[in-house]
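Asks: Have a look at the structure that comes next, please.
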Amino acid sequence: MLHWKQGVFPVLLSNGFQNLRLNKHPFYRFRLFSLLIVAPLAILSLFTLWFGYKHVSYSIYHPPLRALNETIDAVFSHGCKNVALEAQMHPRMNATFVVLARNSEVDGVVSSMRSVESHFNRHFNYPYVFLNDVPFDDNFKDAVLKETSAFVEFGTLDAESFGFPNWANLEVEKEEIAKQGDLGIMYGDMESYHHMCRFFSGFFYKHPLMQKYQWYWRVEPDIEFTCDITYDPFYYMDINKKMYGFVIAIKELEDTVPNMFRYVSAYKREHKLDSDLWDFFITKKDKKARSAMPLTTIDKKAQIMHAFKNFPQNSLKGLLVDENADSTTQMEGDAYNMCHFWSNFEIANLDLFRNDEYEQFFHEMEQTGGFWRERWGDAPFHSLAAGLLLRKEQLHYFRDFGYRHSDIYHCGQNLGCNCECLPNIEEIEAKPGACIKEWADIMGGFLD
Ligand SMILES: Nc1nc2c(ncn2[C@@H]2O[C@H](COP(=O)(O)OP(=O)(O)OP(=O)(O)O)[C@@H](O)[C@H]2O)c(=O)[nH]1
Ligand SMILES: [Mg+2]
């Protein structure tokens with residue numbers, strides 16, 4: 001007779017089912033019953049609970065996106081397209097992925113490529129340009145080449161594009177960068193981060209490996225796409241006359257760009273630029289509230305000039321005094337609302353940057369020293385440049401894409417194709433730092 005502690009499994013293992021079946025004692029029949037019926041039921045219940053949990057979290061964090069007026073900018077595809085047909089319908093565009101990365105980020109780059117390839121590029125086979133401030137090592141090259149059958153090139157940056165320009169006073173700039181660390185400005189004391197932002201603001205489109213291309217799609221390490229992309233975004237950007245596409249629009253950290261808006265505004269005034277996209281970036285100041293402000297004009301002027309005291313002389317500085325401004329992010333009755341398009345994902349036409357207007361803009365802005373004395377990001381830089389140089393119908397919100405960078409996420413859900421929304425990250429449109437309201441305001445509003 002079997003001892004209680006021996007249990008059913010040892011019996012199965014040592015004697016096989018035959019012996020067990022022969023044993024007619026009701027107790028063993030009960031054990032067999034639990035093994036064959038209760039265990040599968042328990043597993044089924046666990047699965048039900050798990051899927052139930054996923055469903056609940058899905059509905060908590062990803063309510064359907066609000067309907068937007070699409071007369072100025074419509075998503076290119078509602079749901080899935082026939083991707084095989086789309087891939088054959090037209091020749092590949094003159095376009096590339098561009099990835100700036102360090103050798104040490106190889107795992108994150110591979111992870112991003114897997115997502116890009118599985119959701120999109122296995123159908124379209126667009127090439128990649130990998131850029132680095134030092135040469136890529138064999139480990140990096142071997143790893144990325146394994147992830148795609150597309151054409152891949154590796155480039156190194158020169159000192160001019162990733163470093164200080166020769167006119168900069170290195171001692172002063174480095175000191176200013178160090179100070180930003182003391183002030184707790186995010187990445188403010190990382191010199192390489194300042195170089196990276198300046199590189200993407202004024203140089204990536206001039207790199208020799210980028211010269212042959214007309215369009216780019218920027219990819220970073222550790223990003224993720226969570227919907228299938230069943231059409232060629234470059235092609236649809238082109239036929240819809242779009243110049244710049246984004247997925248996430250959010251507010252910038254004010255302490256990284258305290259004076260950027262005033263310089264861009266001054267540039268806008270000096271060059272008599274006017275675009276209907278500019279409204280996306282500004283909060284109109286209430287004139288009455290402005291006159292009721294406690295500071296005297298002199299105090300305000302002194303305050304503004306104090307904020308600029310560390311900036312080198314440049315042609316824009318003389319234009320910066322706005323007697324009515326009560327902070328450095330304000331200018332002539334407008335205040336920067338901090339909205340910008342997140343540049344870790346961008347699909348854009350390189351003509352946006354390759355022209356005299358953008359070149360002059362970059363040059364004059366660089367002269368202010370803001371890339372080092374503040375921590376101007378390439379995202380607000382590209383965004384405000386678009387605000388000067390593009391009309392709003394030339395912008396495209398890839399609202400049907402699912403895209404995650406760090407813990408900021410947009411899920412295309414009811415718009416995209418086969419979207420699997422991440423259960424644990426809330427939709428950015430539903431969060432306070434999002435700029436969806438500002439976007440809706442300039443694009444015709446919500447429809448509900
Ligand atoms: N080769 C190289 N690449 C860099 C350097 N600094 C940043 N990058 C790349 O530039 C891109 C942006 O840098 P990140 O550090 O991701 O900046 P971020 O996205 O603002 O910050 P996270 O939220 O931490 O991702 C990434 O693709 C990095 O791999 C650098 O010093 N050398
Ligand atoms: Mg990043």
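Chain lettering (A, B, ...) mirrors the order of the structure tokens, residue numbering begins at 1 for each chain separately, and ligand numbering begins at 1 in order of display.
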Within 9 Å of ligand 2, which residues show up when you count only C-alpha atoms and all ligand atoms? List them as a ChimeraX atom specification, please.

Replies: /A:220-223,344,405-406

Asks: Kindly work out which residues sit at most 10 Å from ligand 1, using only C-alpha atoms and all ligand atoms, and give the list as a PyMOL selection string.

Replies: chain A and resi 98-106+108-109+130-136+156-157+162-163+186-187+190-197+199-200+218-223+342-345+377-379+405-408

Asks: Would you output that residue set with C-alpha atoms, as a PDB file, in the first residue's frame?

Replies:
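Writing the result to selection-v1.pdb gives the following:
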```pdb
ATOM      1  CA  VAL A  98      19.683  57.072 -39.032  1.00  0.00           C
ATOM      2  CA  VAL A  99      21.007  55.933 -35.659  1.00  0.00           C
ATOM      3  CA  LEU A 100      23.570  57.771 -33.532  1.00  0.00           C
ATOM      4  CA  ALA A 101      24.872  55.376 -30.906  1.00  0.00           C
ATOM      5  CA  ARG A 102      27.790  54.388 -28.751  1.00  0.00           C
ATOM      6  CA  ASN A 103      29.475  50.969 -29.029  1.00  0.00           C
ATOM      7  CA  SER A 104      28.296  50.236 -25.500  1.00  0.00           C
ATOM      8  CA  GLU A 105      24.659  50.644 -26.599  1.00  0.00           C
ATOM      9  CA  VAL A 106      24.749  47.685 -28.961  1.00  0.00           C
ATOM     10  CA  GLY A 108      19.687  48.613 -27.056  1.00  0.00           C
ATOM     11  CA  VAL A 109      20.307  49.189 -30.764  1.00  0.00           C
ATOM     12  CA  PHE A 130      24.883  54.209 -38.043  1.00  0.00           C
ATOM     13  CA  LEU A 131      26.877  57.147 -36.712  1.00  0.00           C
ATOM     14  CA  ASN A 132      29.257  57.407 -33.777  1.00  0.00           C
ATOM     15  CA  ASP A 133      31.780  59.936 -32.462  1.00  0.00           C
ATOM     16  CA  VAL A 134      34.363  57.119 -32.316  1.00  0.00           C
ATOM     17  CA  PRO A 135      34.674  54.234 -34.808  1.00  0.00           C
ATOM     18  CA  PHE A 136      32.222  51.374 -34.332  1.00  0.00           C
ATOM     19  CA  THR A 156      32.317  58.377 -37.702  1.00  0.00           C
ATOM     20  CA  LEU A 157      31.723  62.025 -36.844  1.00  0.00           C
ATOM     21  CA  PHE A 162      30.595  66.557 -32.436  1.00  0.00           C
ATOM     22  CA  GLY A 163      32.457  69.009 -30.196  1.00  0.00           C
ATOM     23  CA  MET A 186      18.831  66.894 -16.533  1.00  0.00           C
ATOM     24  CA  TYR A 187      21.979  65.768 -18.429  1.00  0.00           C
ATOM     25  CA  MET A 190      27.241  65.808 -19.532  1.00  0.00           C
ATOM     26  CA  GLU A 191      29.404  67.498 -22.137  1.00  0.00           C
ATOM     27  CA  SER A 192      28.745  64.692 -24.653  1.00  0.00           C
ATOM     28  CA  TYR A 193      24.994  65.245 -24.316  1.00  0.00           C
ATOM     29  CA  HIS A 194      25.441  68.919 -25.309  1.00  0.00           C
ATOM     30  CA  HIS A 195      27.495  67.792 -28.333  1.00  0.00           C
ATOM     31  CA  MET A 196      24.833  65.246 -29.272  1.00  0.00           C
ATOM     32  CA  CYS A 197      22.090  67.905 -29.218  1.00  0.00           C
ATOM     33  CA  PHE A 199      25.021  67.511 -33.736  1.00  0.00           C
ATOM     34  CA  PHE A 200      21.361  66.686 -34.355  1.00  0.00           C
ATOM     35  CA  ARG A 218      15.520  58.536 -36.679  1.00  0.00           C
ATOM     36  CA  VAL A 219      15.909  55.530 -34.397  1.00  0.00           C
ATOM     37  CA  GLU A 220      17.416  55.380 -30.908  1.00  0.00           C
ATOM     38  CA  PRO A 221      18.544  52.488 -28.727  1.00  0.00           C
ATOM     39  CA  ASP A 222      15.827  50.806 -26.639  1.00  0.00           C
ATOM     40  CA  ILE A 223      12.796  52.144 -28.450  1.00  0.00           C
ATOM     41  CA  TRP A 342      10.129  64.523 -29.449  1.00  0.00           C
ATOM     42  CA  SER A 343      13.027  63.979 -31.819  1.00  0.00           C
ATOM     43  CA  ASN A 344      14.062  60.454 -30.834  1.00  0.00           C
ATOM     44  CA  PHE A 345      11.441  59.505 -33.425  1.00  0.00           C
ATOM     45  CA  GLY A 377      17.831  69.901 -26.888  1.00  0.00           C
ATOM     46  CA  ASP A 378      17.664  69.089 -30.570  1.00  0.00           C
ATOM     47  CA  ALA A 379      13.951  68.340 -30.107  1.00  0.00           C
ATOM     48  CA  HIS A 405      10.943  55.689 -25.720  1.00  0.00           C
ATOM     49  CA  SER A 406      11.867  55.303 -22.027  1.00  0.00           C
ATOM     50  CA  ASP A 407       8.584  55.514 -20.089  1.00  0.00           C
ATOM     51  CA  ILE A 408       6.824  57.798 -22.536  1.00  0.00           C
TER      52      ILE A 408
END
```

Asks: Determine which residues of stretch 252-290 of chain A receive a DSSP assignment of helix (DSSP H, G or I), computed from the backbone, and state them as a ChimeraX atom specification.

Replies: /A:254-256,260-270,278-281,287-290

Asks: Based on the selection just made, write C-alpha atoms of those residues as a compact mmCIF listing (two decimals), in the first residue's frame.

Replies:
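Written file, result38.txt:
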```txt
# COMPACT_ATOMS: atom_id res chain seq x y z
CA GLU A 254 11.97 74.63 -18.76
CA ASP A 255 15.36 74.77 -17.09
CA THR A 256 17.02 73.18 -20.14
CA MET A 260 15.78 79.54 -26.33
CA PHE A 261 12.34 80.92 -27.07
CA ARG A 262 13.42 84.54 -26.77
CA TYR A 263 16.30 84.00 -29.18
CA VAL A 264 14.08 82.20 -31.68
CA SER A 265 11.44 84.93 -31.34
CA ALA A 266 14.08 87.60 -31.92
CA TYR A 267 15.22 85.69 -35.00
CA LYS A 268 11.64 85.42 -36.22
CA ARG A 269 11.16 89.17 -35.87
CA GLU A 270 14.51 90.05 -37.43
CA TRP A 278 4.03 79.14 -34.55
CA ASP A 279 0.78 79.19 -32.59
CA PHE A 280 1.41 75.60 -31.52
CA PHE A 281 4.30 76.81 -29.36
CA LYS A 287 -2.45 92.00 -21.63
CA LYS A 288 -4.39 93.02 -18.50
CA ALA A 289 -2.52 90.52 -16.36
CA ARG A 290 0.68 91.83 -17.83
```

Asks: Between atom CA of A:Lys431 and atom CA of A:Cys339, measure the distance and give it in Å to one decimal.

Replies: 13.5 Å
